[in-house]
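Participant: Take this structure, written in structure tokens, and hold onto it; I'll ask about it next.
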Amino acid sequence: MINAATTIEQEPISKFASGLIDLMDRVEYRRVVVKDEFDPVYRLRYDAYRREEFIPINAREIVRDEFEELPNAYCYGIYIDDRLVSSIRFHYLTSEFRDSPSHSVFTDVLDPLLDQGYTMLDPGRFTVDYEASLAFPAIPFLTLRIPTLAVWHFSVKYCLNAVRPEHAAFYKRVFHSTQFSAERYYHGLSFPMVLYACDIPEIYGDLLRRYPFFRSTEAERQALFGSNPQTVSLVRPSVRQATGAHLKLV
């Protein structure tokens, strides 16, 4: 469990982290209104998957699935200078509500943990605009900041990383994730996925020490996750205000 009370030691900020914090002055986050089937996030997904030939051509040129409108689903677009550069979605899993993409594939792995009362975040649909990825190599950190804030907001035990095998090294290095399952195939995707997860109470304090741009204020987390939006609103990162904030791991 995580809450905002006790000190995490402040370490000198690296050149990489400082540069990313500067870039975040140009960033805005937007939660997707899922009823809008033609939200640009769905086109971004389509373009990203088609570029890699992961999905067939479809006339609507969007990618949505059966998990899109679940009550535990949260989807976001990430903008730099008013341009959509990436998107990500996550599902919040509890013992009472387990529906999510990873649960549908790794049911036998996750159900025993959910049966014990543990809660989880299941991020997915991480897609990036190709040209933006060349211009801004740090986009993965800007994008994964969304679920990194959400694990605190929802006070989860585990954050799942269902990823392509070649991406696993990143999650092991950044989030100290460990492997939960061997490769399996997701519905509608032509490539295998492997399930990793990180133990949030164990890793979160060290994560914020190493990557201070993952820090946030309560106001930002409430703006991002606190209610179900019916209109488009943009949220600016609060990392500069939160740099001196403290956490407690209990």
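Lettering and numbering for the structure tokens are positional, with chains as A, B, ... in the shown order, residues counted from 1 in each chain, and ligands counted from 1 in the shown order.
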Give me the residues within 12 Å of Gly226 (chain A) as a list in words, counting only C-alpha atoms and dropping any in the same chain fewer than 5 places off.

Facilitator: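 Surrounding residues, per the criterion: Arg31, Tyr74, Ala150, His153, Phe154, Glu218, Ala219, Glu220 and Arg221 of chain A.
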
Participant: Pull C-alpha atoms from the residues just selected and write them as an mmCIF file, in the first residue's frame.

Facilitator:
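Just written: selection.cif:
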data_model
loop_
_atom_site.group_PDB
_atom_site.id
_atom_site.type_symbol
_atom_site.label_atom_id
_atom_site.label_comp_id
_atom_site.auth_asym_id
_atom_site.auth_seq_id
_atom_site.Cartn_x
_atom_site.Cartn_y
_atom_site.Cartn_z
ATOM 1 C CA ARG A 31 -8.474 10.896 -20.863
ATOM 2 C CA TYR A 74 -9.023 4.085 -18.452
ATOM 3 C CA ALA A 150 -2.345 5.221 -11.366
ATOM 4 C CA HIS A 153 -3.938 6.455 -6.963
ATOM 5 C CA PHE A 154 -5.502 2.978 -6.795
ATOM 6 C CA GLU A 218 -2.788 14.537 -5.581
ATOM 7 C CA ALA A 219 -4.489 17.179 -7.737
ATOM 8 C CA GLU A 220 -3.011 15.729 -10.925
ATOM 9 C CA ARG A 221 -3.948 12.161 -9.993
#

Participant: If we count only C-alpha atoms, what is near region 82-93 of chain A at a cut-off of 7 Å, once residues fewer than 4 positions away on the same chain are taken out, given as a list in words?

Facilitator: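 Near neighbours after the sequence-gap exclusion: Val41, Asn72, Ala73, Tyr74, Cys75, Tyr76, Gly77, Ile78, Phe97, Arg98, Ser100, Thr119, Met120, Leu121, Asp122, Pro123, Gly124, Arg125, Phe126, Thr127, Val128, Asp129, Ala132 and Thr143 of chain A.
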
Participant: Please produce a file of the residues just selected, as a compact mmCIF listing (two decimals), in the first residue's frame, where the atoms kept are C-alpha atoms.

Facilitator:
# COMPACT_ATOMS: atom_id res chain seq x y z
CA VAL A 41 -6.33 7.65 -30.12
CA ASN A 72 -12.61 -0.46 -14.97
CA ALA A 73 -11.00 0.83 -18.20
CA TYR A 74 -9.02 4.09 -18.45
CA CYS A 75 -7.56 5.29 -21.76
CA TYR A 76 -5.34 8.31 -22.42
CA GLY A 77 -3.74 10.31 -25.18
CA ILE A 78 -0.38 12.00 -24.61
CA PHE A 97 -14.03 -7.17 -11.13
CA ARG A 98 -11.38 -9.07 -13.09
CA SER A 100 -9.06 -7.08 -18.67
CA THR A 119 -5.40 -5.60 -6.68
CA MET A 120 -3.65 -4.97 -9.98
CA LEU A 121 -3.23 -2.53 -12.82
CA ASP A 122 -3.16 -3.95 -16.33
CA PRO A 123 -1.70 -1.43 -18.82
CA GLY A 124 -1.87 -2.09 -22.55
CA ARG A 125 -2.52 -0.64 -26.01
CA PHE A 126 0.71 1.34 -25.69
CA THR A 127 1.10 2.92 -29.13
CA VAL A 128 3.33 5.71 -30.41
CA ASP A 129 3.30 8.00 -33.44
CA ALA A 132 7.18 11.54 -32.78
CA THR A 143 3.49 7.52 -21.66

Participant: When DSSP works through the backbone of this structure, what residues of region 1-228 of chain A end up as alpha helix (DSSP H), shown as number ranges by chain?

Facilitator: A: 15-23, 40-51, 101-105, 107-115, 130-135, 139-154, 168-175, 200-210, 218-225

Participant: Leaving out Gly19 (chain A) and any residue of its chain fewer than 6 positions from it, which residues lie within 12 Å of it when counting only C-alpha atoms, given as number ranges by chain?

Facilitator: A: 13, 25-26, 136-138, 141-142, 211-213

Participant: Considering only C-alpha atoms, can you say which of A:Arg184, A:Arg215, A:His176, A:Arg60 comes closest to Met24 (chain A)?

Facilitator: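 For Met24 (chain A), the nearest of the given residues is A:Arg215.
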
Participant: Between CA of Leu144 (chain A) and CA of Pro112 (chain A), measure the distance and give it in Å to one decimal.

Facilitator: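 These two atoms are separated by 26.5 Å.
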
Participant: Find the residues around Cys198 (chain A) up to 7 Å (only C-alpha atoms counted), leave out those fewer than 2 positions away in its own chain, and share them as number ranges by chain.

Facilitator: A: 158-160, 175-178, 200

Participant: Include N, CA and C atoms and write out the residues we just selected as a PDB file, in the first residue's frame.

Facilitator:
ATOM      1  N   TYR A 158       0.098  -5.062  -7.529  1.00  0.00           N
ATOM      2  CA  TYR A 158       0.891  -5.406  -8.706  1.00  0.00           C
ATOM      3  C   TYR A 158       0.529  -4.520  -9.892  1.00  0.00           C
ATOM      4  N   CYS A 159       1.544  -4.204 -10.678  1.00  0.00           N
ATOM      5  CA  CYS A 159       1.320  -3.632 -12.004  1.00  0.00           C
ATOM      6  C   CYS A 159       1.799  -4.657 -13.015  1.00  0.00           C
ATOM      7  N   LEU A 160       0.908  -5.078 -13.894  1.00  0.00           N
ATOM      8  CA  LEU A 160       1.228  -6.092 -14.889  1.00  0.00           C
ATOM      9  C   LEU A 160       1.947  -5.458 -16.076  1.00  0.00           C
ATOM     10  N   PHE A 175      11.342  -1.026 -14.013  1.00  0.00           N
ATOM     11  CA  PHE A 175      10.348  -1.314 -12.976  1.00  0.00           C
ATOM     12  C   PHE A 175      10.688  -2.536 -12.119  1.00  0.00           C
ATOM     13  N   HIS A 176      11.844  -3.149 -12.377  1.00  0.00           N
ATOM     14  CA  HIS A 176      12.248  -4.355 -11.644  1.00  0.00           C
ATOM     15  C   HIS A 176      11.172  -5.438 -11.729  1.00  0.00           C
ATOM     16  N   SER A 177      10.555  -5.543 -12.886  1.00  0.00           N
ATOM     17  CA  SER A 177       9.500  -6.535 -13.095  1.00  0.00           C
ATOM     18  C   SER A 177      10.091  -7.935 -13.175  1.00  0.00           C
ATOM     19  N   THR A 178       9.292  -8.899 -12.744  1.00  0.00           N
ATOM     20  CA  THR A 178       9.692 -10.304 -12.807  1.00  0.00           C
ATOM     21  C   THR A 178       8.687 -11.076 -13.661  1.00  0.00           C
ATOM     22  N   ILE A 200       4.404  -3.338  -6.444  1.00  0.00           N
ATOM     23  CA  ILE A 200       4.432  -1.889  -6.262  1.00  0.00           C
ATOM     24  C   ILE A 200       4.944  -1.463  -4.880  1.00  0.00           C
TER      25      ILE A 200
END
